Every structure is written in structure tokens, then in C-alpha cells.
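Colleague: Starting off with a structure, shown below.
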Amino acid sequence: MTVETPQEKFTFQAEISRLLHILSESLYQNREITVRELVSNASDALDKLRHAALTDTDIDASDLLISIEPNKDEHQLVIRDNGIGMTRDELVQNLGTIAHSGSLEFIEKLQKSDTKDDVSLIGQFGVGFYSAFMLAERVEVRTRSYSEEQGWVWESTGDGSFTISEPAEKLERGTEIRLHLKKDLGEFTDPARLKYILRKYSTFVPHPINVDGEHINDQPPIWVEPKSSVTEEQYQNFFEYLTHFPGQKAQWHLHLTADSPFQFHSILYCPDANLERMGFGKSDHGLHLCAKRILVQNDNRDLLPDYLRFLRGIVDSADLPLNVSREALQDNTVFRKMQKVITKKVLDHLDTIASDDSAAYGKFYGEFGSVLREGIGEDFDNRDRLAKLLRFKSTNTSAEDGLASLAGYCERAPEDQKQIYFATGADETSILRDPNLEIFRERNLEVLLLTDPVDEYVLSTLGEFDEHKLVPIDSADLELPGSEAKDSETDDEKKEDEKDAADLPNGFGTVLSIFKEALGDQVEDVRKSERLTESACCLVNAKGAQSTTMQKVLQVNMPDFEMSKMILEINPKAPLVQRLCELSVNDDNKDFVRTCGQQLYSNALIMAGLAPKADEMSSRVQDFMMQLAQQKSSIKV
Ligand SMILES: Nc1ncnc2c1ncn2[C@@H]1O[C@H](COP(=O)(O)OP(=O)(O)OP(=O)(O)O)[C@@H](O)[C@H]1O
């Protein structure tokens, strides 16, 4: 037995203590993931050493190896690598604090959930090492950095603190993780069981893995193989290897090979679920970037635009320099061309799915549409292509799988329809109650239903699609098919218009002017509505103004933002309005009509999701109730 002296004691960062507590209590059954995580760290350490050797010829990066040594008698499992190793400071930093931004969210999520499924995600959040405490009651790390002669021993029982000491013996370069296994976990000393686990999760590790001296991973790098020779199982295994997510299937994958003008091989995967939607923060994973099969970066986020950040995979190119910094890579011409080509190929692939299998595309869009649509604002060159990939709910029930594309919308629209109409609101039910929709319903015109303000932002950024202007239904800019070109109206149509004007109830003009006077500068205007068929009134945004939903979002985010004044539209066919017109001939009713105007405006505000002045409205409604109550009789007949 070796004796280490002296020991220095450290406390784990609070978040790590929380994580260790959760992991040690976790009932999660799939403890195999610990082996995967530790082997993955060992592989990273070998990659780092090989990378360092590119610039430092004194480093011997030959015979890199990961060895797994089970010890039944001692009830221990050792995972050893001859990689980059860690200095004392690196040990304190790397195995005592949280380095990755996403990991705090992961821990918070674990605390809230019953941890059953979420633990399997541990490797995605840069805290994989700590999974060692799911298997071990005590963990010992013996390590020596390639950059120094002195080695170090890190030790912890996962109870809130760890110690660091100098080993008695001289350590080889690299890292050894010794797991003193929990009592009931003897299976992790069984070589057959370990080989099974490693073949399942670590078969694509690009360095040899030995179990008790036997080399067990001989999987060829499938991305450089011809597509026809790669099986679905290999694609699936590689996806699991890349994502550290056992059992999750990719929605689709794209295997790309190019020889000119530059050479590259790539496999890109679209995961099944979007973790960002599940409450984890913005995904910060990247692609594995290799040059001639040697890993250059394992989280490259520059090769794909941000709006495709959900894709996972590998890109391997003989034309990329091996030894470059992130910044230098950005300036590399081949790299920039590769960005364009890969983005184009992904968009081509999405086009194909969208046209060949709308159900599959609907599933994809449901998960990742919220990320993809960011591209409309970010990627000017591909904006038109991205616009074709957008999907929305729509009032047209025959739209593909409940989601409508802009192209499909334009095909279905009458030929003289020059605009694409959209309605916005907190949810579909409240949008469908919007009185502004009445005319569209009556004339059977399709309206896109937007429940996420980001969609409205996307459509306003887009401006138009296929020569159709994108217009919110509560806009004064609305042009309905058939309502333009008054000059070319036939005599019959002109007569119809005149008849309409003559049909206006007597006193309508008086009612409008009483309303205008009552509302003063609270509104931009009060006018006759062409869009209402049933409701008495609605609010419309003045020409050029943003929609109400958009303005509400701006108001929440910018305290100084002032909503623009709206136009109150009155429906002359509504029975209440007609009665007010009759009453308006008698001057004695003027006050009553005025109060009705104020109340109609309050109602319209509520329907538009805006708040009327609560005190004024409640006393007004109370007065109305009083008037009605006084007309009732208390005598029982
Ligand atoms: N075998 C090892 N050799 C050298 N350094 C290691 C080794 N294992 C862990 N480390 C260091 O500890 C850090 C924390 O490891 P952990 O598994 O918790 O997260 P990570 O590996 O950084 O995350 P990710 O798996 O997302 O890359 C690593 O980044 C690395 O610097």
C-alpha cells in the first residue's frame, strides 16, 4: 500500500455538492453510463495530448491507450489513460467546480424532476466525471500532467469535500480513475460485462480500449465509408456515441461526401427531441471537427449557422489544417466554403423531407421549428429558402397535417389576393374569438394563426412571400380580394355600393361623432367597419403600425414603449348599434350613447387582450346594471 502525504482538503463548489447528493440518491438504473463518461474523458485526454504534440515535438504521442482494469478481489474498477493528465491546479479546477455553462441548468432540472430519465443526459452537460459517484463510494484520481514531473492524487467520498495529496510513487503520464465500488455493484468487476458496455457505448472511441489487456474496439470510422456499406445499426450506434444519450433515436441523418472543390466526409444527425424546448437553456453543443480523422475540436459551433445548432455529428476534412486556433479556423477559406456547402445540404435535405413526407416534416418542425425560424433574421442569403420551410397553424383545416406552409397558402388563395393574412394571440382559442376574423370567416379566406410572438417577428422580418405582403388581420393596411379597383366596378356593383351606403341606419353618422367626442384622443379614429359581420365593434391598428400582440411584447420588454393609438371600428349591422342610431335622434339620449361608446371601446380593448381603465369601466357597468334593475319589478305576479 502506498502512503500519500500531506493531504490538503477542499470543499466542492456548492452546485457540485448538490449534484453529488442527487447522484448518490438517484434510483437511475442505467449505471453503465458512468463507464461511458469516464472512457469519453480518457479519450478526450488522449486527443488533447495528440493535439499538444503537433506543436511540441518533445511530446511522445505514440501508443495512446485507454485501459480498463477490473479487480474482483479488491472490488475496484480502474480506468486509465496515458493522455494529457492534470496539474494540481487543473485537478482543483476541473474536479471541484463546474466549468460548463449548461451544467447549472442540468442540475436545476435534476432537482425538480424525479431524475429517472434526466440522469442519462449527464454527459451532455460537462459534468460526466461526477457520475463516478453513482458506482463508487470512494473515487481516487491519480494523475500526472504531460507538462510536469510531479503527479497528484485526488480523492473523495462525494460527501462535500475532496483532498489532494502527493503520491508516494512516481506516476506515469496520464490519469487513472480508481472506483472503490459500492457494495452491490460487483458486476462492474466482471470483464464480460464491461466489454459488453464498452462495445455498446464506446465502440467509436478513436483510441484503442483494452479490457484486461484485450483490445475491444475495432469499429471503422463510418463517416469515411460509402453510405451503402453503413448499416442503420451503425448509424444509430454512432449517434448514441456522439450524443451520450442511450436509446434515443435520431429523427434523420444526413451522410455527406464531397471531393471537389474540397474534400470532406460528414454525418449529421437531427435528434429526436429538442432539449431547448424541455427547459434546458440554449444548446451549446457543436460538431466534432476532424482533419484526416484526427479530432481537432469536439464542439465546433462555427461550421453550422446558429439556427441549425440542434444538429449533432462529425465533419472530417483532409483540407483542414490540423493545428489551428478557433479564430484562425474562421478565417480559413476552405472552412468558410465548407460552412456554406454544409448549410446548403442541410436545407436541401429539409426541402426533400418537407415535400416527400409532410408528417415527418411536421414532427421535425414541431421540435426544431422554433430554432430554424431564427434563420429568417440571421441568414440573409438563405432567407427565401428558410421562408419555404416555415410552418404555421391556419384556419384552413385542409392544410398539410394541421400546419400550413406559405407556399401552400399562396396556392390556395384566390388569384386576386395580394396579401397573406395572419392573426396573433396568446392561444388559438382566443385568436379564434377575435372579431377581426369575422370577415375572413364570411368570405372563406385563410388566416395563419400565430400563438408565438416570435412568429410575428419572423413574418414582419420577412415582409412578403411570393409577392404577397404579410399582414396582420388587425391592420388598417388590409386589402381583401375583390375590394380594390373601384374604378373598374360595373354599374351593377356601383349600384350595390350606393345601396350599401343608403342601407346605413339613420343616425349612424351622429353615433360615430358622439363616440369620437366621447373617446377623444384615446383613439386614432372611430369609423364604420367593413370587416365585422356580427360583433358591434373591434380595434384596428392604424396604417403601418405593428400588430397589437407585437406592441404588447415590446411594452413588456421596453418600459418606455407607448402603444400606438388604434382605430375603433363600428359595425352598422349590429343590433345594438342600430338601436343606438335610433336613440341618437333624441338629444336626451346623447349621454347614454356616449357612455355606450366608452363601454364598447372597453369591450374592444378586452377582446384585443388589452386592459381598459378598470375603475371607470366597473362604475359604468354598475350604472348600466342600476338602470336595468330599476326597470325590473319587485312585485311577484
Ligand atoms: N481522464 C482525464 N484526463 C485529463 N483530464 C480529465 C480527465 N477526466 C476529466 N478530466 C478533466 O475534468 C474536466 C471535467 O470532466 P467532466 O467529465 O465532468 O466534464 P467534461 O469532460 O468537461 O464535459 P464533456 O463531457 O461535455 O466534454 C474535463 O473537462 C477535463 O478537463
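To be explicit about the labels: the chains of the C-alpha cells are called A, B, and onward in the order shown, and within each one the residues are counted from 1, while ligands get numbers from 1 in the order they are shown.
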Return as a PyMOL selection string every polymer residue, whether protein, DNA or RNA, with at least one atom no more than 7 Å from an atom of ligand 1; count only C-alpha atoms and all ligand atoms.
Modeller: chain A and resi 37-38+40-42+45+81+83-86+94-95+123-130+174-176
Colleague: What would the file look like if the residues just selected were written as a short mmCIF file (atom, residue, chain, number, x, y, z; two decimals), in the first residue's frame with C-alpha atoms?
Modeller:
data_model
loop_
_atom_site.label_atom_id
_atom_site.label_comp_id
_atom_site.auth_asym_id
_atom_site.auth_seq_id
_atom_site.Cartn_x
_atom_site.Cartn_y
_atom_site.Cartn_z
CA GLU A 37 -18.43 9.02 -19.37
CA LEU A 38 -15.07 8.08 -17.89
CA SER A 40 -15.06 9.50 -23.03
CA ASN A 41 -12.98 11.73 -20.72
CA ALA A 42 -9.99 9.43 -21.20
CA ALA A 45 -7.38 13.44 -22.70
CA ASP A 81 -5.25 6.66 -19.94
CA GLY A 83 -3.21 11.26 -22.12
CA ILE A 84 -2.68 14.86 -21.15
CA GLY A 85 -3.08 14.40 -17.37
CA MET A 86 -3.78 17.20 -14.90
CA ASN A 94 -11.74 20.52 -13.21
CA LEU A 95 -12.87 18.14 -10.49
CA GLY A 123 -22.55 13.64 -20.30
CA GLN A 124 -24.14 16.40 -22.35
CA PHE A 125 -23.62 18.96 -19.64
CA GLY A 126 -19.93 18.77 -18.94
CA VAL A 127 -20.26 17.12 -15.55
CA GLY A 128 -19.79 13.48 -16.65
CA PHE A 129 -16.91 12.80 -14.29
CA TYR A 130 -19.19 13.09 -11.27
CA GLY A 174 -1.92 10.46 -17.83
CA THR A 175 -4.79 9.75 -15.50
CA GLU A 176 -6.02 6.77 -13.54
#
Colleague: Could you give me, as a VMD selection string, the residues within 8 Å of Thr157 of chain A, counting only C-alpha atoms and dropping anything in the same chain fewer than 4 positions from it?
Modeller: chain A and resid 133 137 to 139 161 to 162
Colleague: Among segment 43-98 of chain A, which ones does DSSP assign to strand (DSSP E or B) (computed from the backbone)? Answer as a list in words.
Modeller: Ile66, Ser67, Ile68, Glu69, Pro70, Asn71, Gln76, Leu77, Val78, Ile79, Arg80 and Asp81 of chain A
Colleague: Please provide as a PDB file with N, CA and C atoms, in the first residue's frame all residues within 12 Å of Thr333 of chain A, with the sequence filter that same-chain residues fewer than 5 positions apart are discarded (counting only C-alpha atoms).
Modeller:
ATOM      1  N   PRO A 261     -14.929  21.207 -54.661  1.00  0.00           N
ATOM      2  CA  PRO A 261     -13.561  21.754 -54.744  1.00  0.00           C
ATOM      3  C   PRO A 261     -12.714  21.416 -53.513  1.00  0.00           C
ATOM      4  N   PHE A 262     -13.329  20.901 -52.474  1.00  0.00           N
ATOM      5  CA  PHE A 262     -12.521  20.433 -51.351  1.00  0.00           C
ATOM      6  C   PHE A 262     -13.160  19.138 -50.875  1.00  0.00           C
ATOM      7  N   ASP A 319      -8.725  18.696 -46.067  1.00  0.00           N
ATOM      8  CA  ASP A 319      -8.293  20.040 -46.470  1.00  0.00           C
ATOM      9  C   ASP A 319      -8.225  21.028 -45.318  1.00  0.00           C
ATOM     10  N   LEU A 320      -8.556  20.573 -44.129  1.00  0.00           N
ATOM     11  CA  LEU A 320      -8.480  21.489 -42.985  1.00  0.00           C
ATOM     12  C   LEU A 320      -7.140  21.343 -42.289  1.00  0.00           C
ATOM     13  N   PRO A 321      -6.557  22.449 -41.852  1.00  0.00           N
ATOM     14  CA  PRO A 321      -5.292  22.330 -41.122  1.00  0.00           C
ATOM     15  C   PRO A 321      -5.545  21.695 -39.749  1.00  0.00           C
ATOM     16  N   ALA A 328      -8.424  31.265 -36.121  1.00  0.00           N
ATOM     17  CA  ALA A 328      -7.765  31.048 -37.409  1.00  0.00           C
ATOM     18  C   ALA A 328      -8.647  30.196 -38.310  1.00  0.00           C
ATOM     19  N   MET A 338     -16.834  25.503 -46.653  1.00  0.00           N
ATOM     20  CA  MET A 338     -17.469  24.294 -46.125  1.00  0.00           C
ATOM     21  C   MET A 338     -18.753  24.652 -45.361  1.00  0.00           C
ATOM     22  N   GLN A 339     -18.698  25.777 -44.626  1.00  0.00           N
ATOM     23  CA  GLN A 339     -19.896  26.235 -43.905  1.00  0.00           C
ATOM     24  C   GLN A 339     -21.067  26.372 -44.876  1.00  0.00           C
ATOM     25  N   LYS A 340     -20.781  27.024 -46.018  1.00  0.00           N
ATOM     26  CA  LYS A 340     -21.846  27.287 -46.992  1.00  0.00           C
ATOM     27  C   LYS A 340     -22.402  25.986 -47.550  1.00  0.00           C
TER      28      LYS A 340
END
Colleague: Would you please give, as a PyMOL selection string, all residues of segment 317-415 of chain A that DSSP assigns to alpha helix (DSSP H) based on the backbone?
Modeller: chain A and resi 326-331+333-356+358-372+375-378+383-389+406-412
Colleague: Find the residues around segment 602-616 of chain A up to 9 Å (only C-alpha atoms counted), leave out those fewer than 2 positions away in its own chain, and share them as a list in words.
Modeller: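 These residues fall inside the cut-off: Gly425, Ala426, Ser430, Arg433, Asp434, Pro435, Cys537, Cys538, Leu539, Thr548, Thr549, Lys552, Leu568, Gly597, Gln598, Gln599, Leu600, Ser618, Ser619, Arg620 and Val621 of chain A.
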Colleague: Please dump the current selection as a PDB file, in the first residue's frame; keep C-alpha atoms.
Modeller:
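Output contents, as saved in result08.pdb:
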ATOM      1  CA  GLY A 425     -52.768  35.998 -29.788  1.00  0.00           C
ATOM      2  CA  ALA A 426     -51.839  34.084 -26.662  1.00  0.00           C
ATOM      3  CA  SER A 430     -58.528  33.458 -28.039  1.00  0.00           C
ATOM      4  CA  ARG A 433     -62.648  34.733 -30.788  1.00  0.00           C
ATOM      5  CA  ASP A 434     -61.110  37.855 -32.349  1.00  0.00           C
ATOM      6  CA  PRO A 435     -63.903  39.856 -34.053  1.00  0.00           C
ATOM      7  CA  CYS A 537     -67.009  46.802 -32.713  1.00  0.00           C
ATOM      8  CA  CYS A 538     -63.334  45.959 -32.914  1.00  0.00           C
ATOM      9  CA  LEU A 539     -59.972  47.674 -32.693  1.00  0.00           C
ATOM     10  CA  THR A 548     -51.299  44.546 -31.100  1.00  0.00           C
ATOM     11  CA  THR A 549     -49.508  41.369 -29.977  1.00  0.00           C
ATOM     12  CA  LYS A 552     -47.625  44.174 -26.203  1.00  0.00           C
ATOM     13  CA  LEU A 568     -62.320  51.790 -33.237  1.00  0.00           C
ATOM     14  CA  GLY A 597     -69.347  54.338 -26.879  1.00  0.00           C
ATOM     15  CA  GLN A 598     -66.966  54.301 -23.927  1.00  0.00           C
ATOM     16  CA  GLN A 599     -68.115  50.855 -22.895  1.00  0.00           C
ATOM     17  CA  LEU A 600     -67.846  49.491 -26.458  1.00  0.00           C
ATOM     18  CA  SER A 618     -66.624  48.985 -13.398  1.00  0.00           C
ATOM     19  CA  SER A 619     -68.552  52.088 -12.329  1.00  0.00           C
ATOM     20  CA  ARG A 620     -70.016  52.329 -15.853  1.00  0.00           C
ATOM     21  CA  VAL A 621     -71.150  48.707 -15.849  1.00  0.00           C
TER      22      VAL A 621
END
Colleague: Near Glu456 of chain A, counting only C-alpha atoms, which residues have an atom at most 10 Å away, once you skip same-chain residues fewer than 2 positions from it, shown as a ChimeraX atom specification?
Modeller: /A:422-424,449-454,458-462,470-472,546-547,549-550
Colleague: List as a short mmCIF file (atom, residue, chain, number, x, y, z; two decimals) with C-alpha atoms, in the first residue's frame the protein and nucleic acid residues near Val35 of chain A, meaning an atom at most 10 Å away when only C-alpha atoms are counted, but skip any in the same chain fewer than 3 places from it.
Modeller:
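What follows is the written file result-v6.cif:
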data_model
loop_
_atom_site.label_atom_id
_atom_site.label_comp_id
_atom_site.auth_asym_id
_atom_site.auth_seq_id
_atom_site.Cartn_x
_atom_site.Cartn_y
_atom_site.Cartn_z
CA ARG A 31 -25.29 2.87 -14.26
CA GLU A 32 -23.47 1.82 -17.42
CA LEU A 38 -15.07 8.08 -17.89
CA VAL A 39 -13.91 6.44 -21.11
CA SER A 40 -15.06 9.50 -23.03
CA ASN A 41 -12.98 11.73 -20.72
CA ILE A 68 -9.91 -0.78 -18.21
CA LEU A 77 -12.62 -0.72 -11.30
CA ILE A 79 -9.94 3.39 -15.94
CA GLY A 128 -19.79 13.48 -16.65
CA PHE A 129 -16.91 12.80 -14.29
CA SER A 131 -21.26 10.13 -12.48
CA ALA A 132 -18.37 8.10 -10.97
CA LEU A 135 -20.86 3.46 -8.99
CA PHE A 188 -18.54 -3.79 -12.74
CA LEU A 194 -17.50 -4.35 -19.11
CA ILE A 197 -20.88 -1.97 -22.04
CA LEU A 198 -17.89 -0.66 -23.97
CA TYR A 201 -21.29 2.85 -25.95
CA SER A 202 -17.68 3.34 -26.79
#
Colleague: Using only C-alpha atoms, which residue out of A:Pro220, A:Pro206, A:Gly366, A:Pro226 lies closest to Arg277 of chain A?
Modeller: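 The answer is A:Gly366, which sits nearest to Arg277 of chain A.
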Colleague: Enter the distance from atom CA of Arg383 of chain A to atom CA of Leu448 of chain A, in Å, rounded to one decimal.
Modeller: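 The value is 19.6 Å.
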Colleague: May I have the residues within 8 Å of segment 404-406 of chain A as a list in words, using only C-alpha atoms and disregarding those fewer than 6 positions away in the same chain?
Modeller: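 Contacts, with the query itself left out: Ala387, Lys388, Leu389, Leu390, Arg391, Phe392, Lys393, Ser394, Leu448 and Phe465 of chain A.
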Colleague: Those same residues - N, CA and C atoms - I'd like them written as a PDB file, in the first residue's frame.
Modeller:
ATOM      1  N   ALA A 387     -37.829  30.612 -45.667  1.00  0.00           N
ATOM      2  CA  ALA A 387     -39.245  31.006 -45.643  1.00  0.00           C
ATOM      3  C   ALA A 387     -40.128  29.848 -46.128  1.00  0.00           C
ATOM      4  N   LYS A 388     -39.612  29.107 -47.099  1.00  0.00           N
ATOM      5  CA  LYS A 388     -40.395  27.970 -47.622  1.00  0.00           C
ATOM      6  C   LYS A 388     -40.515  26.859 -46.582  1.00  0.00           C
ATOM      7  N   LEU A 389     -39.583  26.853 -45.631  1.00  0.00           N
ATOM      8  CA  LEU A 389     -39.595  25.776 -44.632  1.00  0.00           C
ATOM      9  C   LEU A 389     -40.432  26.127 -43.391  1.00  0.00           C
ATOM     10  N   LEU A 390     -40.927  27.376 -43.337  1.00  0.00           N
ATOM     11  CA  LEU A 390     -41.729  27.767 -42.168  1.00  0.00           C
ATOM     12  C   LEU A 390     -43.090  27.075 -42.206  1.00  0.00           C
ATOM     13  N   ARG A 391     -43.643  26.827 -41.041  1.00  0.00           N
ATOM     14  CA  ARG A 391     -44.976  26.222 -40.957  1.00  0.00           C
ATOM     15  C   ARG A 391     -45.783  26.946 -39.882  1.00  0.00           C
ATOM     16  N   PHE A 392     -47.113  27.023 -40.128  1.00  0.00           N
ATOM     17  CA  PHE A 392     -47.982  27.721 -39.176  1.00  0.00           C
ATOM     18  C   PHE A 392     -49.300  26.988 -39.046  1.00  0.00           C
ATOM     19  N   LYS A 393     -49.969  27.216 -37.930  1.00  0.00           N
ATOM     20  CA  LYS A 393     -51.359  26.769 -37.837  1.00  0.00           C
ATOM     21  C   LYS A 393     -52.168  27.718 -38.696  1.00  0.00           C
ATOM     22  N   SER A 394     -53.318  27.237 -39.170  1.00  0.00           N
ATOM     23  CA  SER A 394     -54.080  28.081 -40.071  1.00  0.00           C
ATOM     24  C   SER A 394     -55.559  27.780 -39.909  1.00  0.00           C
ATOM     25  N   LEU A 448     -53.460  32.693 -41.113  1.00  0.00           N
ATOM     26  CA  LEU A 448     -52.479  31.955 -40.304  1.00  0.00           C
ATOM     27  C   LEU A 448     -52.657  32.356 -38.841  1.00  0.00           C
ATOM     28  N   PHE A 465     -43.931  37.226 -49.136  1.00  0.00           N
ATOM     29  CA  PHE A 465     -43.570  35.905 -49.643  1.00  0.00           C
ATOM     30  C   PHE A 465     -44.259  35.737 -50.986  1.00  0.00           C
TER      31      PHE A 465
END
Colleague: If you measure from atom CA of Gln150 of chain A to atom CA of Leu54 of chain A, what distance in Å do you get, rounded to one decimal?
Modeller: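 These two atoms are separated by 23.2 Å.
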